[in-house]
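Novice: query_27.json is reproduced in full below (JSON, C-alpha atoms).
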[["chain", "number", "residue", "atom", "x", "y", "z"],
["A", 1, "MET", "CA", -73.01, 59.01, 29.03],
["A", 2, "PHE", "CA", -72.81, 55.28, 29.82],
["A", 3, "SER", "CA", -75.63, 53.00, 28.64],
["A", 4, "ALA", "CA", -76.45, 49.75, 30.41],
["A", 5, "ASP", "CA", -74.69, 47.63, 27.80],
["A", 6, "LEU", "CA", -71.49, 49.65, 28.31],
["A", 7, "ALA", "CA", -71.50, 49.51, 32.11],
["A", 8, "ILE", "CA", -69.54, 46.24, 32.43],
["A", 9, "PRO", "CA", -67.03, 47.07, 29.64],
["A", 10, "ALA", "CA", -66.49, 50.50, 31.20],
["A", 11, "LEU", "CA", -65.88, 48.95, 34.62],
["A", 12, "LEU", "CA", -63.40, 46.49, 33.11],
["A", 13, "VAL", "CA", -61.64, 49.33, 31.29],
["A", 14, "ALA", "CA", -61.40, 51.32, 34.52],
["A", 15, "VAL", "CA", -59.94, 48.40, 36.52],
["A", 16, "LEU", "CA", -57.41, 47.33, 33.87],
["A", 17, "SER", "CA", -56.34, 50.92, 33.17],
["A", 18, "TYR", "CA", -55.90, 51.59, 36.88],
["A", 19, "LEU", "CA", -53.73, 48.48, 37.22],
["A", 20, "ALA", "CA", -51.62, 49.57, 34.24],
["A", 21, "GLY", "CA", -51.19, 53.00, 35.80],
["A", 22, "SER", "CA", -50.17, 51.41, 39.09],
["A", 23, "VAL", "CA", -46.92, 50.07, 37.59],
["A", 24, "SER", "CA", -44.32, 52.58, 38.80],
["A", 25, "ALA", "CA", -41.71, 53.13, 36.10],
["A", 26, "ALA", "CA", -39.55, 55.24, 38.42],
["A", 27, "ILE", "CA", -39.29, 52.57, 41.10],
["A", 28, "LEU", "CA", -38.70, 49.73, 38.64],
["A", 29, "VAL", "CA", -36.08, 51.68, 36.68],
["A", 30, "CYS", "CA", -34.24, 52.71, 39.84],
["A", 31, "ARG", "CA", -34.28, 49.16, 41.19],
["A", 32, "SER", "CA", -33.00, 47.69, 37.92],
["A", 33, "MET", "CA", -30.19, 50.29, 37.68],
["A", 34, "GLY", "CA", -29.09, 50.01, 41.31],
["A", 35, "LEU", "CA", -30.29, 53.49, 42.25],
["A", 36, "ALA", "CA", -31.95, 54.56, 45.47],
["A", 37, "ASP", "CA", -35.72, 54.26, 45.73],
["A", 38, "PRO", "CA", -36.99, 57.62, 44.40],
["A", 39, "ARG", "CA", -39.47, 57.76, 47.26],
["A", 40, "THR", "CA", -36.57, 58.04, 49.72],
["A", 41, "THR", "CA", -34.34, 60.54, 47.92],
["A", 42, "GLY", "CA", -34.61, 64.08, 46.53],
["A", 43, "SER", "CA", -38.19, 65.29, 46.54],
["A", 44, "GLY", "CA", -39.47, 61.81, 47.40],
["A", 45, "ASN", "CA", -41.57, 61.76, 44.25],
["A", 46, "PRO", "CA", -41.38, 58.62, 42.05],
["A", 47, "GLY", "CA", -41.33, 60.53, 38.78],
["A", 48, "ALA", "CA", -38.95, 61.43, 35.98],
["A", 49, "THR", "CA", -37.92, 64.83, 37.38],
["A", 50, "ASN", "CA", -36.81, 63.38, 40.70],
["A", 51, "VAL", "CA", -35.07, 60.45, 38.96],
["A", 52, "LEU", "CA", -33.21, 62.99, 36.80],
["A", 53, "ARG", "CA", -31.92, 64.76, 39.88],
["A", 54, "ALA", "CA", -31.00, 61.51, 41.66],
["A", 55, "GLY", "CA", -29.77, 59.30, 38.83],
["A", 56, "GLY", "CA", -29.18, 61.27, 35.64],
["A", 57, "LYS", "CA", -30.59, 61.48, 32.14],
["A", 58, "LEU", "CA", -30.87, 57.80, 31.12],
["A", 59, "PRO", "CA", -32.94, 56.55, 34.07],
["A", 60, "ALA", "CA", -35.03, 59.73, 33.87],
["A", 61, "ALA", "CA", -35.70, 59.16, 30.15],
["A", 62, "LEU", "CA", -36.68, 55.54, 30.79],
["A", 63, "THR", "CA", -38.97, 56.64, 33.61],
["A", 64, "LEU", "CA", -40.58, 59.28, 31.42],
["A", 65, "LEU", "CA", -41.14, 56.75, 28.63],
["A", 66, "GLY", "CA", -42.60, 54.16, 30.98],
["A", 67, "ASP", "CA", -44.94, 56.62, 32.66],
["A", 68, "ALA", "CA", -46.12, 57.98, 29.31],
["A", 69, "LEU", "CA", -46.75, 54.49, 27.89],
["A", 70, "LYS", "CA", -48.95, 53.46, 30.79],
["A", 71, "GLY", "CA", -51.18, 56.42, 29.96],
["A", 72, "LEU", "CA", -50.99, 55.93, 26.19],
["A", 73, "LEU", "CA", -51.58, 52.18, 25.91],
["A", 74, "PRO", "CA", -54.83, 51.89, 27.92],
["A", 75, "VAL", "CA", -56.32, 54.75, 25.88],
["A", 76, "VAL", "CA", -55.20, 53.37, 22.50],
["A", 77, "ILE", "CA", -56.36, 49.83, 23.29],
["A", 78, "THR", "CA", -59.71, 51.03, 24.63],
["A", 79, "ALA", "CA", -60.25, 53.25, 21.58],
["A", 80, "ALA", "CA", -59.50, 50.31, 19.27],
["A", 81, "LEU", "CA", -62.09, 48.13, 21.03],
["A", 82, "ILE", "CA", -64.80, 50.61, 22.07],
["A", 83, "ASP", "CA", -65.81, 53.61, 19.98],
["A", 84, "HIS", "CA", -67.19, 55.56, 22.93],
["A", 85, "PRO", "CA", -65.39, 58.77, 24.02],
["A", 86, "PRO", "CA", -66.57, 58.71, 27.67],
["A", 87, "THR", "CA", -65.19, 55.17, 28.08],
["A", 88, "ILE", "CA", -61.90, 56.19, 26.46],
["A", 89, "ALA", "CA", -61.77, 59.22, 28.77],
["A", 90, "LEU", "CA", -62.39, 56.85, 31.70],
["A", 91, "ALA", "CA", -59.37, 54.78, 30.62],
["A", 92, "ALA", "CA", -57.21, 57.92, 30.67],
["A", 93, "LEU", "CA", -58.49, 58.98, 34.09],
["A", 94, "ALA", "CA", -58.13, 55.49, 35.60],
["A", 95, "ALA", "CA", -54.54, 55.08, 34.35],
["A", 96, "PHE", "CA", -53.72, 58.53, 35.73],
["A", 97, "MET", "CA", -55.23, 57.67, 39.12],
["A", 98, "GLY", "CA", -53.28, 54.42, 39.14],
["A", 99, "HIS", "CA", -50.07, 56.43, 38.77],
["A", 100, "LEU", "CA", -51.06, 58.73, 41.63],
["A", 101, "TYR", "CA", -52.24, 55.94, 43.93],
["A", 102, "PRO", "CA", -50.60, 52.67, 42.76],
["A", 103, "VAL", "CA", -51.98, 49.53, 44.37],
["A", 104, "PHE", "CA", -48.65, 47.76, 43.81],
["A", 105, "PHE", "CA", -46.61, 50.36, 45.73],
["A", 106, "GLN", "CA", -48.61, 51.12, 48.89],
["A", 107, "PHE", "CA", -50.56, 53.85, 47.03],
["A", 108, "GLU", "CA", -47.44, 56.07, 47.01],
["A", 109, "GLY", "CA", -47.35, 57.40, 43.46],
["A", 110, "GLY", "CA", -45.98, 60.24, 41.38],
["A", 111, "LYS", "CA", -47.55, 63.48, 40.29],
["A", 112, "GLY", "CA", -48.98, 62.17, 37.04],
["A", 113, "VAL", "CA", -47.70, 64.57, 34.38],
["A", 114, "ALA", "CA", -46.11, 62.03, 32.01],
["A", 115, "THR", "CA", -49.00, 59.59, 32.37],
["A", 116, "ALA", "CA", -51.53, 62.33, 31.66],
["A", 117, "LEU", "CA", -49.53, 63.45, 28.64],
["A", 118, "GLY", "CA", -49.29, 59.89, 27.32],
["A", 119, "ALA", "CA", -53.06, 59.50, 27.65],
["A", 120, "LEU", "CA", -53.59, 62.82, 25.87],
["A", 121, "LEU", "CA", -51.39, 61.74, 22.95],
["A", 122, "GLY", "CA", -53.51, 58.61, 22.64],
["A", 123, "ILE", "CA", -56.72, 60.63, 22.61],
["A", 124, "ASP", "CA", -55.73, 63.40, 20.17],
["A", 125, "ILE", "CA", -52.20, 63.56, 18.79],
["A", 126, "THR", "CA", -52.68, 67.17, 17.67],
["A", 127, "VAL", "CA", -53.66, 68.33, 21.15],
["A", 128, "GLY", "CA", -50.95, 66.14, 22.64],
["A", 129, "ALA", "CA", -48.33, 67.77, 20.42],
["A", 130, "LEU", "CA", -49.67, 71.21, 21.33],
["A", 131, "ALA", "CA", -49.44, 70.29, 25.04],
["A", 132, "LEU", "CA", -45.83, 69.14, 24.53],
["A", 133, "LEU", "CA", -44.97, 72.42, 22.83],
["A", 134, "THR", "CA", -46.63, 74.34, 25.67],
["A", 135, "TRP", "CA", -44.64, 72.38, 28.25],
["A", 136, "LEU", "CA", -41.38, 72.93, 26.35],
["A", 137, "ALA", "CA", -42.01, 76.65, 25.91],
["A", 138, "VAL", "CA", -42.75, 77.22, 29.60],
["A", 139, "SER", "CA", -39.97, 74.95, 30.85],
["A", 140, "LEU", "CA", -37.34, 76.49, 28.57],
["A", 141, "THR", "CA", -38.43, 79.99, 29.56],
["A", 142, "PHE", "CA", -38.74, 79.52, 33.32],
["A", 143, "LYS", "CA", -36.67, 76.31, 33.92],
["A", 144, "ARG", "CA", -39.35, 74.95, 36.29],
["A", 145, "SER", "CA", -40.88, 71.59, 35.41],
["A", 146, "SER", "CA", -43.77, 72.03, 37.84],
["A", 147, "LEU", "CA", -44.75, 75.42, 36.42],
["A", 148, "ALA", "CA", -44.64, 74.02, 32.89],
["A", 149, "ALA", "CA", -46.92, 71.13, 33.90],
["A", 150, "LEU", "CA", -49.44, 73.37, 35.66],
["A", 151, "VAL", "CA", -49.66, 75.84, 32.77],
["A", 152, "THR", "CA", -49.92, 73.03, 30.21],
["A", 153, "PHE", "CA", -52.73, 71.14, 31.90],
["A", 154, "THR", "CA", -54.63, 74.33, 32.62],
["A", 155, "LEU", "CA", -54.71, 74.87, 28.85],
["A", 156, "VAL", "CA", -55.31, 71.26, 27.76],
["A", 157, "PRO", "CA", -59.12, 71.33, 28.33],
["A", 158, "VAL", "CA", -59.26, 74.55, 26.28],
["A", 159, "TYR", "CA", -57.31, 72.90, 23.46],
["A", 160, "LEU", "CA", -59.67, 69.91, 23.56],
["A", 161, "LEU", "CA", -62.75, 72.12, 23.45],
["A", 162, "PHE", "CA", -61.42, 73.86, 20.37],
["A", 163, "GLU", "CA", -61.08, 70.40, 18.79],
["A", 164, "GLY", "CA", -64.68, 69.57, 19.75],
["A", 165, "GLN", "CA", -63.55, 66.86, 22.19],
["A", 166, "HIS", "CA", -66.03, 67.68, 24.95],
["A", 167, "ALA", "CA", -65.97, 64.35, 26.82],
["A", 168, "PHE", "CA", -62.18, 64.42, 26.91],
["A", 169, "ALA", "CA", -62.13, 68.07, 27.96],
["A", 170, "LEU", "CA", -64.19, 67.17, 31.03],
["A", 171, "GLY", "CA", -61.86, 64.28, 31.81],
["A", 172, "PHE", "CA", -58.83, 66.56, 31.65],
["A", 173, "VAL", "CA", -60.48, 69.16, 33.88],
["A", 174, "ILE", "CA", -60.57, 66.41, 36.52],
["A", 175, "ILE", "CA", -57.00, 65.36, 35.74],
["A", 176, "GLY", "CA", -55.89, 68.99, 35.90],
["A", 177, "ALA", "CA", -57.50, 69.43, 39.30],
["A", 178, "PHE", "CA", -55.60, 66.42, 40.65],
["A", 179, "LEU", "CA", -52.38, 67.74, 39.11],
["A", 180, "PHE", "CA", -52.77, 70.98, 41.03],
["A", 181, "TYR", "CA", -53.32, 68.91, 44.18],
["A", 182, "THR", "CA", -50.25, 66.73, 43.63],
["A", 183, "HIS", "CA", -48.20, 69.86, 42.91],
["A", 184, "ARG", "CA", -49.39, 71.77, 45.98],
["A", 185, "GLY", "CA", -45.88, 71.71, 47.50],
["A", 186, "ASN", "CA", -44.41, 72.91, 44.21],
["A", 187, "ILE", "CA", -46.94, 75.74, 44.08],
["A", 188, "GLN", "CA", -45.88, 76.89, 47.55],
["A", 189, "ARG", "CA", -42.21, 76.83, 46.49],
["A", 190, "LEU", "CA", -42.99, 78.64, 43.24],
["A", 191, "LEU", "CA", -44.72, 81.41, 45.19],
["A", 192, "ALA", "CA", -41.79, 81.54, 47.61],
["A", 193, "GLY", "CA", -39.22, 81.54, 44.80],
["A", 194, "THR", "CA", -37.54, 78.37, 46.10],
["A", 195, "GLU", "CA", -38.63, 75.83, 43.45],
["A", 196, "PRO", "CA", -35.48, 74.15, 42.06],
["A", 197, "LEU", "CA", -34.48, 74.44, 38.42],
["A", 198, "ILE", "CA", -34.91, 71.50, 36.05],
["A", 199, "GLY", "CA", -32.06, 69.03, 36.54],
["A", 200, "LYS", "CA", -30.69, 70.78, 39.61],
["A", 201, "LYS", "CA", -30.29, 68.68, 42.76]]
Re-express the file's structure as structure tokens.

Specialist:
Amino acid sequence: MFSADLAIPALLVAVLSYLAGSVSAAILVCRSMGLADPRTTGSGNPGATNVLRAGGKLPAALTLLGDALKGLLPVVITAALIDHPPTIALAALAAFMGHLYPVFFQFEGGKGVATALGALLGIDITVGALALLTWLAVSLTFKRSSLAALVTFTLVPVYLLFEGQHAFALGFVIIGAFLFYTHRGNIQRLLAGTEPLIGKK
């Protein structure tokens, strides 16, 4: 998948994408708006859903946008410079891992949904739009953000395969596996019927 002449560019892409993903939008937004650190309130997760519960719609929207952009931009920039799907998929995976384990914030990151979605939109806007519609349909039906994320990213590799995007499908199988891991507490609450509704404290 990676030839010798692409090894150094791929490594550079991975490092820079990871660093971009390590910038925590939730923490920066909450600090700038005088809100509590999202790691110390609500679910303790530095992501848009927890910021929504703790601070309201505006900081949550800014967090969502920031997290999505740090997945989107590394993918778009890499694709513009290197026409090599595995390297572009590596950019998406590295940005996602940076969000989960940010070097700038003691490796205490969020669950990665918005960053993964931003990366997906950069890879294939059709599949990204289909993923958004899937998330909206599940979230509006069941009012559980975690369930919507898990269903969506279970289906994303299937959507990519239908589009013939095999390298990206493999990348999102890995991303999906990590999403199930980061949502393990949510899965337990979903099974127990105690997962909170979207927007509910």

Novice: Hey, which bits of region 35-92 of chain A sit within 12 Å of region 103-121 of chain A, and for each residue what's the closest pair of atoms and how far apart in Å (one decimal), counting only C-alpha atoms, rows by chain and increasing number, as a Markdown table?

Specialist:
| residue | atom | partner | partner_atom | distance |
| --- | --- | --- | --- | --- |
| A:Asp37 | CA | A:Phe105 | CA | 11.6 |
| A:Pro38 | CA | A:Gly110 | CA | 9.8 |
| A:Arg39 | CA | A:Glu108 | CA | 8.2 |
| A:Thr40 | CA | A:Glu108 | CA | 11.4 |
| A:Ser43 | CA | A:Gly110 | CA | 10.6 |
| A:Gly44 | CA | A:Gly110 | CA | 9.0 |
| A:Asn45 | CA | A:Gly110 | CA | 5.5 |
| A:Pro46 | CA | A:Gly110 | CA | 4.9 |
| A:Gly47 | CA | A:Gly110 | CA | 5.3 |
| A:Ala48 | CA | A:Ala114 | CA | 8.2 |
| A:Thr49 | CA | A:Gly110 | CA | 10.1 |
| A:Asn50 | CA | A:Gly110 | CA | 9.7 |
| A:Val51 | CA | A:Gly110 | CA | 11.2 |
| A:Ala60 | CA | A:Ala114 | CA | 11.5 |
| A:Ala61 | CA | A:Ala114 | CA | 11.0 |
| A:Leu62 | CA | A:Ala114 | CA | 11.5 |
| A:Thr63 | CA | A:Ala114 | CA | 9.1 |
| A:Leu64 | CA | A:Ala114 | CA | 6.2 |
| A:Leu65 | CA | A:Ala114 | CA | 8.0 |
| A:Gly66 | CA | A:Thr115 | CA | 8.5 |
| A:Asp67 | CA | A:Thr115 | CA | 5.0 |
| A:Ala68 | CA | A:Gly118 | CA | 4.2 |
| A:Leu69 | CA | A:Gly118 | CA | 6.0 |
| A:Lys70 | CA | A:Thr115 | CA | 6.3 |
| A:Gly71 | CA | A:Ala119 | CA | 4.3 |
| A:Leu72 | CA | A:Ala119 | CA | 4.4 |
| A:Leu73 | CA | A:Ala119 | CA | 7.7 |
| A:Pro74 | CA | A:Ala119 | CA | 7.8 |
| A:Val75 | CA | A:Ala119 | CA | 6.0 |
| A:Val76 | CA | A:Ala119 | CA | 8.3 |
| A:Ile77 | CA | A:Ala119 | CA | 11.1 |
| A:Thr78 | CA | A:Ala119 | CA | 11.2 |
| A:Ala79 | CA | A:Ala119 | CA | 11.3 |
| A:Ile88 | CA | A:Ala119 | CA | 9.5 |
| A:Ala89 | CA | A:Ala119 | CA | 8.8 |
| A:Leu90 | CA | A:Ala119 | CA | 10.5 |
| A:Ala91 | CA | A:Ala119 | CA | 8.4 |
| A:Ala92 | CA | A:Ala119 | CA | 5.4 |

Novice: Would you please work out which residue, of A:Leu179, A:Leu147, A:Ala10, A:Val173, is nearest to Ile198 (chain A) when using all atoms listed in the file?

Specialist: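 Going through A:Leu179, A:Leu147, A:Ala10, A:Val173 one by one, the smallest distance to Ile198 (chain A) is for A:Leu147.
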
Novice: Restricting the calculation to only C-alpha atoms: of A:Leu170, A:Ala54, A:Met97, A:Ala7, which residue gets closest to Val23 (chain A)?

Specialist: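 Once distances to Val23 (chain A) are computed over only C-alpha atoms, the minimum belongs to A:Met97.
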
Novice: Pick out the closest residue to Leu191 (chain A) from this set: A:Leu16, A:Thr154, A:Ser146, A:Ala80. Count all atoms listed in the file.

Specialist: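 With all atoms listed in the file as the atom set, the closest residue is A:Ser146.
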
Novice: Leu150 (chain A): which residues within 10 Å, counting all atoms listed in the file, same-chain residues fewer than 5 positions away excluded, as a VMD selection string?

Specialist: chain A and resid 113 135 138 145 155 176 to 177 179 to 180 183 186 to 187

Novice: Kindly give the distance, in Å, that separates CA of Phe178 (chain A) and CA of Ser22 (chain A), rounded to a single decimal.

Specialist: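 These two atoms are separated by 16.0 Å.
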
Novice: Could you check how far CA of Phe142 (chain A) sits from CA of Val156 (chain A), in Å to one decimal?

Specialist: 19.3 Å

Novice: With distances taken over all atoms listed in the file, which of A:Leu136, A:Leu35, A:Ala95, A:Val29 is nearest to Ser17 (chain A)?

Specialist: A:Ala95

Novice: Under the rule that all atoms listed in the file are counted, which of A:Ile123, A:Leu100, A:Leu132, A:Leu52 is the nearest residue to Ser24 (chain A)?

Specialist: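 The answer is A:Leu100, which sits nearest to Ser24 (chain A).
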
Novice: Taking only C-alpha atoms into account, which of A:Val15, A:Ala149, A:Leu197, A:Leu28 comes nearest Gly98 (chain A)?

Specialist: A:Val15
